[in-house]
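Structure data follow from data36.cif (mmCIF, C-alpha atoms, pLDDT in the B column; chains and numbers go by the auth columns):
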data_structure
loop_
_atom_site.group_PDB
_atom_site.id
_atom_site.type_symbol
_atom_site.label_atom_id
_atom_site.label_comp_id
_atom_site.label_asym_id
_atom_site.label_seq_id
_atom_site.Cartn_x
_atom_site.Cartn_y
_atom_site.Cartn_z
_atom_site.B_iso_or_equiv
_atom_site.auth_seq_id
_atom_site.auth_asym_id
ATOM 1 C CA MET A 1 0.000 0.000 0.000 57.00 21 L
ATOM 2 C CA PHE A 2 1.008 3.620 -0.400 60.00 22 L
ATOM 3 C CA GLY A 3 2.713 5.044 2.664 62.00 23 L
ATOM 4 C CA SER A 4 2.898 8.691 3.597 75.00 24 L
ATOM 5 C CA TYR A 5 6.064 10.647 2.964 83.00 25 L
ATOM 6 C CA ARG A 6 8.195 10.535 6.092 90.00 26 L
ATOM 7 C CA HIS A 7 11.382 11.930 7.569 91.00 27 L
ATOM 8 C CA GLU A 8 14.263 9.484 7.710 93.00 28 L
ATOM 9 C CA LEU A 9 17.535 10.182 9.529 94.00 29 L
ATOM 10 C CA LYS A 10 20.560 7.887 9.279 95.00 30 L
ATOM 11 C CA TYR A 11 23.733 7.655 11.336 97.00 31 L
ATOM 12 C CA VAL A 12 26.715 5.305 11.485 97.00 32 L
ATOM 13 C CA VAL A 13 27.178 4.369 15.154 97.00 33 L
ATOM 14 C CA LYS A 14 29.257 2.041 17.318 96.00 34 L
ATOM 15 C CA HIS A 15 27.886 -0.464 19.819 95.00 35 L
ATOM 16 C CA ASP A 16 28.682 1.894 22.706 96.00 36 L
ATOM 17 C CA ASP A 17 26.604 4.597 20.975 97.00 37 L
ATOM 18 C CA LYS A 18 23.672 2.190 20.689 97.00 38 L
ATOM 19 C CA ALA A 19 23.874 1.305 24.375 97.00 39 L
ATOM 20 C CA PHE A 20 24.002 4.996 25.310 97.00 40 L
ATOM 21 C CA LEU A 21 20.998 5.894 23.145 98.00 41 L
ATOM 22 C CA LEU A 22 18.847 2.962 24.222 97.00 42 L
ATOM 23 C CA GLU A 23 19.487 3.748 27.884 97.00 43 L
ATOM 24 C CA ARG A 24 18.551 7.383 27.255 97.00 44 L
ATOM 25 C CA TRP A 25 15.493 6.502 25.144 97.00 45 L
ATOM 26 C CA ARG A 26 14.368 3.507 27.223 95.00 46 L
ATOM 27 C CA ARG A 27 11.179 5.121 28.569 96.00 47 L
ATOM 28 C CA HIS A 28 10.133 6.212 25.072 97.00 48 L
ATOM 29 C CA LEU A 29 10.533 2.925 23.185 97.00 49 L
ATOM 30 C CA VAL A 30 9.064 -0.564 22.985 96.00 50 L
ATOM 31 C CA LYS A 31 10.465 -3.380 20.882 95.00 51 L
ATOM 32 C CA ASP A 32 8.935 -4.250 17.531 94.00 52 L
ATOM 33 C CA PRO A 33 6.262 -6.922 18.172 90.00 53 L
ATOM 34 C CA TYR A 34 7.460 -8.913 15.136 88.00 54 L
ATOM 35 C CA ALA A 35 11.032 -9.129 16.433 90.00 55 L
ATOM 36 C CA ASN A 36 12.378 -11.793 18.785 92.00 56 L
ATOM 37 C CA GLU A 37 12.999 -11.347 22.495 92.00 57 L
ATOM 38 C CA PHE A 38 16.183 -9.427 21.703 90.00 58 L
ATOM 39 C CA ALA A 39 14.229 -7.039 19.428 93.00 59 L
ATOM 40 C CA THR A 40 16.061 -8.396 16.368 96.00 60 L
ATOM 41 C CA THR A 41 14.986 -9.917 13.085 96.00 61 L
ATOM 42 C CA PRO A 42 16.906 -10.846 9.911 97.00 62 L
ATOM 43 C CA VAL A 43 16.131 -8.834 6.774 97.00 63 L
ATOM 44 C CA LEU A 44 16.944 -9.958 3.221 97.00 64 L
ATOM 45 C CA SER A 45 16.269 -7.753 0.198 98.00 65 L
ATOM 46 C CA GLN A 46 16.692 -8.553 -3.481 98.00 66 L
ATOM 47 C CA TYR A 47 17.084 -5.241 -5.322 98.00 67 L
ATOM 48 C CA TYR A 48 16.139 -4.589 -8.932 98.00 68 L
ATOM 49 C CA ASP A 49 17.646 -2.128 -11.373 97.00 69 L
ATOM 50 C CA SER A 50 17.915 -1.326 -15.068 96.00 70 L
ATOM 51 C CA PRO A 51 20.524 -2.949 -17.339 94.00 71 L
ATOM 52 C CA ASP A 52 22.765 0.104 -16.841 94.00 72 L
ATOM 53 C CA PHE A 53 21.977 0.375 -13.105 96.00 73 L
ATOM 54 C CA ALA A 54 20.039 3.639 -13.343 95.00 74 L
ATOM 55 C CA PHE A 55 18.827 3.563 -9.719 96.00 75 L
ATOM 56 C CA TYR A 56 22.391 3.013 -8.504 95.00 76 L
ATOM 57 C CA ARG A 57 23.718 5.867 -10.656 93.00 77 L
ATOM 58 C CA ASP A 58 20.912 8.248 -9.620 92.00 78 L
ATOM 59 C CA LYS A 59 22.313 8.258 -6.077 87.00 79 L
ATOM 60 C CA TYR A 60 25.805 9.216 -7.228 85.00 80 L
ATOM 61 C CA ASP A 61 24.392 11.801 -9.626 87.00 81 L
ATOM 62 C CA GLY A 62 22.608 13.458 -6.706 82.00 82 L
ATOM 63 C CA LEU A 63 19.092 13.304 -8.162 86.00 83 L
ATOM 64 C CA VAL A 64 16.622 14.746 -5.653 84.00 84 L
ATOM 65 C CA VAL A 65 13.832 12.408 -6.848 88.00 85 L
ATOM 66 C CA ARG A 66 14.844 8.739 -6.867 92.00 86 L
ATOM 67 C CA ASN A 67 13.357 5.230 -6.793 93.00 87 L
ATOM 68 C CA LYS A 68 14.466 1.834 -5.540 95.00 88 L
ATOM 69 C CA VAL A 69 12.638 -1.453 -6.119 97.00 89 L
ATOM 70 C CA ARG A 70 13.203 -4.495 -3.919 97.00 90 L
ATOM 71 C CA LEU A 71 11.701 -7.799 -2.824 97.00 91 L
ATOM 72 C CA ARG A 72 11.988 -8.218 0.943 97.00 92 L
ATOM 73 C CA THR A 73 11.651 -11.120 3.346 96.00 93 L
ATOM 74 C CA TYR A 74 12.406 -11.400 7.054 96.00 94 L
ATOM 75 C CA SER A 75 14.638 -14.433 6.991 94.00 95 L
ATOM 76 C CA HIS A 76 18.058 -15.657 5.855 93.00 96 L
ATOM 77 C CA SER A 77 16.758 -16.746 2.447 94.00 97 L
ATOM 78 C CA PHE A 78 13.757 -16.523 0.140 95.00 98 L
ATOM 79 C CA LYS A 79 11.596 -19.567 0.858 92.00 99 L
ATOM 80 C CA ALA A 80 8.359 -20.777 -0.698 92.00 100 L
ATOM 81 C CA GLY A 81 5.390 -19.752 1.410 90.00 101 L
ATOM 82 C CA ALA A 82 7.371 -17.193 3.455 91.00 102 L
ATOM 83 C CA ALA A 83 6.091 -13.667 4.033 92.00 103 L
ATOM 84 C CA CYS A 84 7.540 -11.533 1.228 94.00 104 L
ATOM 85 C CA PHE A 85 6.833 -7.995 0.083 94.00 105 L
ATOM 86 C CA LEU A 86 7.542 -6.063 -3.087 94.00 106 L
ATOM 87 C CA GLU A 87 8.535 -2.532 -2.169 95.00 107 L
ATOM 88 C CA ILE A 88 9.141 0.694 -4.031 94.00 108 L
ATOM 89 C CA LYS A 89 11.098 3.244 -2.025 93.00 109 L
ATOM 90 C CA GLN A 90 10.752 6.770 -3.365 92.00 110 L
ATOM 91 C CA LYS A 91 12.905 9.691 -2.251 89.00 111 L
ATOM 92 C CA LYS A 92 11.724 13.248 -2.925 86.00 112 L
ATOM 93 C CA TYR A 93 14.182 15.830 -1.679 81.00 113 L
ATOM 94 C CA ASP A 94 14.503 15.042 2.066 80.00 114 L
ATOM 95 C CA LEU A 95 11.360 12.925 2.349 88.00 115 L
ATOM 96 C CA ILE A 96 10.885 9.178 1.857 91.00 116 L
ATOM 97 C CA ARG A 97 7.807 7.188 0.843 90.00 117 L
ATOM 98 C CA LYS A 98 7.461 3.412 0.683 90.00 118 L
ATOM 99 C CA ILE A 99 4.937 1.529 -1.448 90.00 119 L
ATOM 100 C CA ARG A 100 4.575 -2.011 -0.100 91.00 120 L
ATOM 101 C CA MET A 101 2.711 -4.958 -1.629 90.00 121 L
ATOM 102 C CA PRO A 102 2.525 -8.412 0.005 90.00 122 L
ATOM 103 C CA LEU A 103 3.132 -11.496 -2.128 88.00 123 L
ATOM 104 C CA PRO A 104 0.730 -14.159 -0.816 83.00 124 L
ATOM 105 C CA GLY A 105 1.766 -17.702 -1.625 84.00 125 L
ATOM 106 C CA PHE A 106 5.317 -16.638 -2.442 89.00 126 L
ATOM 107 C CA SER A 107 7.407 -18.935 -4.603 91.00 127 L
ATOM 108 C CA CYS A 108 10.934 -18.394 -5.876 91.00 128 L
ATOM 109 C CA ASP A 109 9.485 -17.681 -9.337 92.00 129 L
ATOM 110 C CA CYS A 110 8.427 -14.332 -7.871 92.00 130 L
ATOM 111 C CA LEU A 111 12.078 -13.298 -7.768 95.00 131 L
ATOM 112 C CA GLU A 112 11.841 -12.686 -11.530 95.00 132 L
ATOM 113 C CA PRO A 113 10.092 -9.423 -12.538 94.00 133 L
ATOM 114 C CA GLY A 114 8.423 -11.183 -15.460 91.00 134 L
ATOM 115 C CA ASN A 115 6.401 -13.228 -12.964 90.00 135 L
ATOM 116 C CA TRP A 116 5.059 -10.290 -10.956 88.00 136 L
ATOM 117 C CA ASN A 117 1.297 -10.265 -11.234 79.00 137 L
ATOM 118 C CA PHE A 118 -1.028 -8.152 -9.114 74.00 138 L
ATOM 119 C CA PRO A 119 -4.671 -7.106 -9.320 73.00 139 L
ATOM 120 C CA GLU A 120 -5.238 -3.675 -10.810 74.00 140 L
ATOM 121 C CA SER A 121 -4.351 -1.037 -8.248 77.00 141 L
ATOM 122 C CA LYS A 122 -2.590 2.276 -7.914 77.00 142 L
ATOM 123 C CA GLU A 123 0.401 0.500 -6.375 78.00 143 L
ATOM 124 C CA ASN A 124 0.593 -2.022 -9.196 81.00 144 L
ATOM 125 C CA SER A 125 0.389 0.745 -11.780 86.00 145 L
ATOM 126 C CA VAL A 126 3.480 2.412 -10.292 88.00 146 L
ATOM 127 C CA LEU A 127 5.350 -0.902 -10.183 89.00 147 L
ATOM 128 C CA GLU A 128 4.412 -1.810 -13.759 90.00 148 L
ATOM 129 C CA THR A 129 5.534 1.610 -14.976 91.00 149 L
ATOM 130 C CA LEU A 130 8.940 1.238 -13.324 93.00 150 L
ATOM 131 C CA LYS A 131 9.300 -2.360 -14.502 93.00 151 L
ATOM 132 C CA GLU A 132 8.612 -1.479 -18.150 93.00 152 L
ATOM 133 C CA ARG A 133 10.463 1.845 -18.214 94.00 153 L
ATOM 134 C CA TYR A 134 13.655 0.481 -16.644 96.00 154 L
ATOM 135 C CA LEU A 135 13.481 -3.139 -17.878 96.00 155 L
ATOM 136 C CA LEU A 136 13.999 -4.230 -14.297 96.00 156 L
ATOM 137 C CA ARG A 137 16.124 -7.244 -13.476 96.00 157 L
ATOM 138 C CA LYS A 138 17.826 -8.650 -10.389 97.00 158 L
ATOM 139 C CA SER A 139 20.702 -6.644 -8.988 97.00 159 L
ATOM 140 C CA ALA A 140 22.491 -6.886 -5.624 97.00 160 L
ATOM 141 C CA GLN A 141 21.048 -8.552 -2.542 97.00 161 L
ATOM 142 C CA VAL A 142 21.457 -7.068 0.938 97.00 162 L
ATOM 143 C CA TRP A 143 21.107 -8.977 4.217 97.00 163 L
ATOM 144 C CA TYR A 144 21.391 -7.642 7.779 96.00 164 L
ATOM 145 C CA LEU A 145 20.185 -8.040 11.341 96.00 165 L
ATOM 146 C CA ARG A 146 17.725 -5.342 12.413 97.00 166 L
ATOM 147 C CA GLU A 147 17.078 -4.357 16.025 97.00 167 L
ATOM 148 C CA ALA A 148 13.778 -2.482 15.914 97.00 168 L
ATOM 149 C CA TYR A 149 11.766 -0.298 18.290 97.00 169 L
ATOM 150 C CA TYR A 150 8.625 1.835 18.146 96.00 170 L
ATOM 151 C CA SER A 151 7.788 4.937 20.137 96.00 171 L
ATOM 152 C CA ILE A 152 5.292 4.364 22.948 95.00 172 L
ATOM 153 C CA ILE A 153 3.730 7.831 22.584 92.00 173 L
ATOM 154 C CA GLU A 154 4.278 8.715 18.892 93.00 174 L
ATOM 155 C CA PRO A 155 3.131 5.656 16.881 88.00 175 L
ATOM 156 C CA ASP A 156 4.670 7.007 13.675 92.00 176 L
ATOM 157 C CA VAL A 157 8.221 7.057 15.128 96.00 177 L
ATOM 158 C CA ARG A 158 10.479 4.049 14.577 96.00 178 L
ATOM 159 C CA VAL A 159 14.095 3.498 15.641 97.00 179 L
ATOM 160 C CA THR A 160 16.227 0.706 14.163 98.00 180 L
ATOM 161 C CA PHE A 161 19.836 -0.463 14.417 98.00 181 L
ATOM 162 C CA ASP A 162 21.126 -2.517 11.454 98.00 182 L
ATOM 163 C CA SER A 163 24.260 -4.649 11.885 96.00 183 L
ATOM 164 C CA SER A 164 26.175 -7.302 9.926 94.00 184 L
ATOM 165 C CA VAL A 165 25.125 -5.621 6.668 96.00 185 L
ATOM 166 C CA THR A 166 26.175 -8.091 3.965 95.00 186 L
ATOM 167 C CA ALA A 167 26.240 -7.744 0.163 95.00 187 L
ATOM 168 C CA LEU A 168 25.316 -10.758 -1.968 95.00 188 L
ATOM 169 C CA TYR A 169 25.235 -11.327 -5.701 94.00 189 L
ATOM 170 C CA PRO A 170 21.819 -12.075 -7.260 95.00 190 L
ATOM 171 C CA GLY A 171 21.005 -15.713 -6.567 92.00 191 L
ATOM 172 C CA GLU A 172 23.819 -16.076 -4.013 93.00 192 L
ATOM 173 C CA ASP A 173 22.891 -17.879 -0.798 91.00 193 L
ATOM 174 C CA LEU A 174 23.811 -16.425 2.565 91.00 194 L
ATOM 175 C CA THR A 175 26.128 -18.716 4.525 84.00 195 L
ATOM 176 C CA ARG A 176 27.174 -18.584 8.162 78.00 196 L
ATOM 177 C CA THR A 177 30.814 -18.569 7.052 74.00 197 L
ATOM 178 C CA ALA A 178 30.260 -15.544 4.837 72.00 198 L
ATOM 179 C CA VAL A 179 28.754 -13.612 7.750 72.00 199 L
ATOM 180 C CA VAL A 180 31.400 -14.680 10.269 68.00 200 L
ATOM 181 C CA GLU A 181 34.277 -13.951 7.886 70.00 201 L
ATOM 182 C CA GLN A 182 32.561 -10.733 6.721 71.00 202 L
ATOM 183 C CA ARG A 183 33.396 -11.449 3.068 78.00 203 L
ATOM 184 C CA GLY A 184 30.456 -9.385 1.887 88.00 204 L
ATOM 185 C CA SER A 185 30.396 -6.913 4.765 91.00 205 L
ATOM 186 C CA VAL A 186 29.872 -3.311 3.691 92.00 206 L
ATOM 187 C CA MET A 187 31.278 -1.863 6.945 91.00 207 L
ATOM 188 C CA PRO A 188 33.419 -2.965 9.898 90.00 208 L
ATOM 189 C CA ASP A 189 31.654 -5.230 12.387 89.00 209 L
ATOM 190 C CA SER A 190 32.085 -2.633 15.147 93.00 210 L
ATOM 191 C CA TYR A 191 29.701 -0.267 13.330 95.00 211 L
ATOM 192 C CA MET A 192 25.981 -0.319 12.639 96.00 212 L
ATOM 193 C CA ILE A 193 23.402 1.893 10.949 97.00 213 L
ATOM 194 C CA LEU A 194 20.944 3.828 13.093 98.00 214 L
ATOM 195 C CA GLU A 195 17.752 4.916 11.324 97.00 215 L
ATOM 196 C CA VAL A 196 15.083 7.156 12.819 96.00 216 L
ATOM 197 C CA LYS A 197 11.810 7.380 10.873 95.00 217 L
ATOM 198 C CA ALA A 198 8.855 9.647 11.575 95.00 218 L
ATOM 199 C CA THR A 199 5.820 10.644 9.511 91.00 219 L
ATOM 200 C CA GLU A 200 5.040 13.891 11.326 86.00 220 L
ATOM 201 C CA ARG A 201 8.237 15.161 12.910 89.00 221 L
ATOM 202 C CA ILE A 202 11.318 13.934 14.710 93.00 222 L
ATOM 203 C CA PRO A 203 10.461 14.179 18.443 95.00 223 L
ATOM 204 C CA ALA A 204 12.575 16.258 20.805 96.00 224 L
ATOM 205 C CA TRP A 205 13.725 13.249 22.829 97.00 225 L
ATOM 206 C CA VAL A 206 15.319 11.787 19.684 97.00 226 L
ATOM 207 C CA SER A 207 17.040 15.065 18.760 96.00 227 L
ATOM 208 C CA LYS A 208 18.357 15.517 22.297 97.00 228 L
ATOM 209 C CA GLY A 209 19.749 11.977 22.322 97.00 229 L
ATOM 210 C CA VAL A 210 21.461 12.482 18.974 97.00 230 L
ATOM 211 C CA MET A 211 23.004 15.737 20.207 97.00 231 L
ATOM 212 C CA ALA A 212 24.122 14.165 23.504 97.00 232 L
ATOM 213 C CA GLY A 213 25.747 11.326 21.566 96.00 233 L
ATOM 214 C CA GLU A 214 27.422 13.821 19.225 96.00 234 L
ATOM 215 C CA LEU A 215 26.145 11.918 16.203 96.00 235 L
ATOM 216 C CA VAL A 216 26.451 13.323 12.702 94.00 236 L
ATOM 217 C CA GLN A 217 23.726 12.577 10.182 93.00 237 L
ATOM 218 C CA LYS A 218 25.073 10.672 7.183 88.00 238 L
ATOM 219 C CA PRO A 219 23.431 9.077 4.127 86.00 239 L
ATOM 220 C CA VAL A 220 24.006 5.321 4.257 91.00 240 L
ATOM 221 C CA PRO A 221 22.379 3.715 1.169 93.00 241 L
ATOM 222 C CA LYS A 222 22.677 -0.036 1.722 95.00 242 L
ATOM 223 C CA TYR A 223 21.974 -0.865 -1.929 96.00 243 L
ATOM 224 C CA VAL A 224 24.704 1.478 -3.196 95.00 244 L
ATOM 225 C CA LEU A 225 27.171 0.165 -0.596 95.00 245 L
ATOM 226 C CA ALA A 226 26.390 -3.405 -1.662 95.00 246 L
ATOM 227 C CA MET A 227 26.861 -2.564 -5.354 95.00 247 L
ATOM 228 C CA ASP A 228 30.219 -0.976 -4.579 94.00 248 L
ATOM 229 C CA LYS A 229 31.297 -3.929 -2.430 93.00 249 L
ATOM 230 C CA LEU A 230 30.402 -6.412 -5.174 94.00 250 L
ATOM 231 C CA ARG A 231 31.752 -4.094 -7.908 92.00 251 L
ATOM 232 C CA MET A 232 28.655 -4.904 -9.922 91.00 252 L
ATOM 233 C CA SER A 233 28.608 -1.553 -11.731 82.00 253 L
ATOM 234 C CA GLU A 234 31.681 -2.755 -13.625 80.00 254 L
ATOM 235 C CA PHE A 235 29.539 -5.417 -15.314 71.00 255 L
ATOM 236 C CA ILE A 236 27.039 -3.204 -17.127 63.00 256 L
ATOM 237 C CA THR A 237 27.596 -5.203 -20.317 50.00 257 L
ATOM 238 C CA GLY A 238 28.442 -8.435 -18.543 46.00 258 L
ATOM 239 C CA ALA A 239 26.734 -11.470 -17.132 44.00 259 L
ATOM 240 C CA TYR A 240 24.175 -9.554 -15.086 43.00 260 L
ATOM 241 C CA LEU A 241 22.276 -8.274 -18.148 42.00 261 L
#
Take the structure I supplied and represent it as structure tokens, if you would.
Amino acid sequence: MFGSYRHELKYVVKHDDKAFLLERWRRHLVKDPYANEFATTPVLSQYYDSPDFAFYRDKYDGLVVRNKVRLRTYSHSFKAGAACFLEIKQKKYDLIRKIRMPLPGFSCDCLEPGNWNFPESKENSVLETLKERYLLRKSAQVWYLREAYYSIIEPDVRVTFDSSVTALYPGEDLTRTAVVEQRGSVMPDSYMILEVKATERIPAWVSKGVMAGELVQKPVPKYVLAMDKLRMSEFITGAYL
């Protein structure tokens, strides 16, 4: 479904920073009900792009209006029957909107754009337009562990910490060895990505915590980092077409 445009702040933090912020924000947050007892859940996304990686290049070109298309599941792999969602993430200046469509009865055939089939809807119209205009095909995969919290008072505010961010080639399986050895890691294991998302406004308690932690806002596009790690942009005319 169409989401509202929202504010989205990103920071690269260390584990000590996370501990400091969670202690400071403890009375404002509750763990995501879909996460485990440690507030964590795995996230795996298969991204899609044009043959010349237009979405990837748009970030480097600094376009103020951009799109990303991905298939997301909350597991270590895409499995038949698992909960999966096709998502379009749209950036417009400093605001973000996500269009999200569940894939009931998911099968691995759904990983191919040619097999996407939805009832007529506004969301499907946007997806079909992007698919046809950009000739979408599989690009990089990104896997990570997400520690997720919601605000108790402001239901539109979400705080997440993403660690072990790992880049995978299309069709590549995630292995325990790859994670432990950090072969596809896009950043040192001592760092993680903090994201703060809010539809209305960023609350004062978040801003005060960020200031107390002396954090500096920084764009951290996981898809672009994964593409760079895998050096996939070098294969525009290669095997990934």
Up to 10 Å from (2.0, -17.0, -7.7) in the file's coordinates: name the residues, counting only C-alpha atoms, as a PDB file with C-alpha atoms, keeping the file's coordinate frame.
ATOM      1  CA  LEU L 123       3.132 -11.496  -2.128  1.00 88.00           C
ATOM      2  CA  PRO L 124       0.730 -14.159  -0.816  1.00 83.00           C
ATOM      3  CA  GLY L 125       1.766 -17.702  -1.625  1.00 84.00           C
ATOM      4  CA  PHE L 126       5.317 -16.638  -2.442  1.00 89.00           C
ATOM      5  CA  SER L 127       7.407 -18.935  -4.603  1.00 91.00           C
ATOM      6  CA  CYS L 128      10.934 -18.394  -5.876  1.00 91.00           C
ATOM      7  CA  ASP L 129       9.485 -17.681  -9.337  1.00 92.00           C
ATOM      8  CA  CYS L 130       8.427 -14.332  -7.871  1.00 92.00           C
ATOM      9  CA  ASN L 135       6.401 -13.228 -12.964  1.00 90.00           C
ATOM     10  CA  TRP L 136       5.059 -10.290 -10.956  1.00 88.00           C
ATOM     11  CA  ASN L 137       1.297 -10.265 -11.234  1.00 79.00           C
ATOM     12  CA  PHE L 138      -1.028  -8.152  -9.114  1.00 74.00           C
TER      13      PHE L 138
END
Test item: the PyMOL selection byres ((chain L and resi 225) around 12) resolved as a ChimeraX atom specification
/L:41-42,44-49,171,173-174,177,216,221-224,226-232
So that I have them on file, write out the residues from the current selection with C-alpha atoms, as a short mmCIF file (atom, residue, chain, number, x, y, z; two decimals), keeping the file's coordinate frame.
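The result, stored in result-v5.cif:
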data_model
loop_
_atom_site.label_atom_id
_atom_site.label_comp_id
_atom_site.auth_asym_id
_atom_site.auth_seq_id
_atom_site.Cartn_x
_atom_site.Cartn_y
_atom_site.Cartn_z
CA LEU L 41 21.00 5.89 23.14
CA LEU L 42 18.85 2.96 24.22
CA ARG L 44 18.55 7.38 27.26
CA TRP L 45 15.49 6.50 25.14
CA ARG L 46 14.37 3.51 27.22
CA ARG L 47 11.18 5.12 28.57
CA HIS L 48 10.13 6.21 25.07
CA LEU L 49 10.53 2.92 23.18
CA SER L 171 7.79 4.94 20.14
CA ILE L 173 3.73 7.83 22.58
CA GLU L 174 4.28 8.72 18.89
CA VAL L 177 8.22 7.06 15.13
CA VAL L 216 15.08 7.16 12.82
CA ARG L 221 8.24 15.16 12.91
CA ILE L 222 11.32 13.93 14.71
CA PRO L 223 10.46 14.18 18.44
CA ALA L 224 12.58 16.26 20.80
CA VAL L 226 15.32 11.79 19.68
CA SER L 227 17.04 15.06 18.76
CA LYS L 228 18.36 15.52 22.30
CA GLY L 229 19.75 11.98 22.32
CA VAL L 230 21.46 12.48 18.97
CA MET L 231 23.00 15.74 20.21
CA ALA L 232 24.12 14.16 23.50
#
Once the PyMOL selection byres ((chain L and resi 253) around 9) has been evaluated on this model, what residues remain selected, and can you format them as a PyMOL selection string?
chain L and resi 72-73+76-77+247-248+250-252+254-256
For the file shown, what are the residues hit by the PyMOL selection byres ((chain L and resi 205) around 10), laid out as an mmCIF file with C-alpha atoms, in the coordinates of the input?
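In the end it all went to part-v8.cif:
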data_model
loop_
_atom_site.group_PDB
_atom_site.id
_atom_site.type_symbol
_atom_site.label_atom_id
_atom_site.label_comp_id
_atom_site.auth_asym_id
_atom_site.auth_seq_id
_atom_site.Cartn_x
_atom_site.Cartn_y
_atom_site.Cartn_z
ATOM 1 C CA VAL L 162 21.457 -7.068 0.938
ATOM 2 C CA TRP L 163 21.107 -8.977 4.217
ATOM 3 C CA TYR L 164 21.391 -7.642 7.779
ATOM 4 C CA SER L 183 24.260 -4.649 11.885
ATOM 5 C CA SER L 184 26.175 -7.302 9.926
ATOM 6 C CA VAL L 185 25.125 -5.621 6.668
ATOM 7 C CA THR L 186 26.175 -8.091 3.965
ATOM 8 C CA ALA L 187 26.240 -7.744 0.163
ATOM 9 C CA LEU L 188 25.316 -10.758 -1.968
ATOM 10 C CA ALA L 198 30.260 -15.544 4.837
ATOM 11 C CA VAL L 199 28.754 -13.612 7.750
ATOM 12 C CA VAL L 200 31.400 -14.680 10.269
ATOM 13 C CA GLU L 201 34.277 -13.951 7.886
ATOM 14 C CA GLN L 202 32.561 -10.733 6.721
ATOM 15 C CA ARG L 203 33.396 -11.449 3.068
ATOM 16 C CA GLY L 204 30.456 -9.385 1.887
ATOM 17 C CA VAL L 206 29.872 -3.311 3.691
ATOM 18 C CA MET L 207 31.278 -1.863 6.945
ATOM 19 C CA PRO L 208 33.419 -2.965 9.898
ATOM 20 C CA ASP L 209 31.654 -5.230 12.387
ATOM 21 C CA LEU L 245 27.171 0.165 -0.596
ATOM 22 C CA ALA L 246 26.390 -3.405 -1.662
ATOM 23 C CA LYS L 249 31.297 -3.929 -2.430
ATOM 24 C CA LEU L 250 30.402 -6.412 -5.174
#
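For the choices L:Pro71, L:Val179, L:Glu148, L:Glu28, the atom-to-atom distance to Tyr113 in chain L is smallest for L:Glu28 when using all atoms listed in the file.
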Could you pull the residues within 9 Å of range 82-94 of chain L, counting only C-alpha atoms, minus those fewer than 6 positions along the same chain, as number ranges by chain?
L: 61-69, 75-76, 102-114, 130-131, 147, 150, 156, 158, 161, 243
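Of the listed residues L:Leu165, L:Met212, L:Ile172, L:Val244, the one whose atoms come nearest to Lys51 in chain L is L:Ile172, with distances taken using all atoms listed in the file.
Computed from the coordinates, the CA of His35 in chain L to CA of Leu194 in chain L distance equals 23.9 Å.
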Here CA of Thr180 in chain L and CA of Val236 in chain L stand apart by 16.3 Å
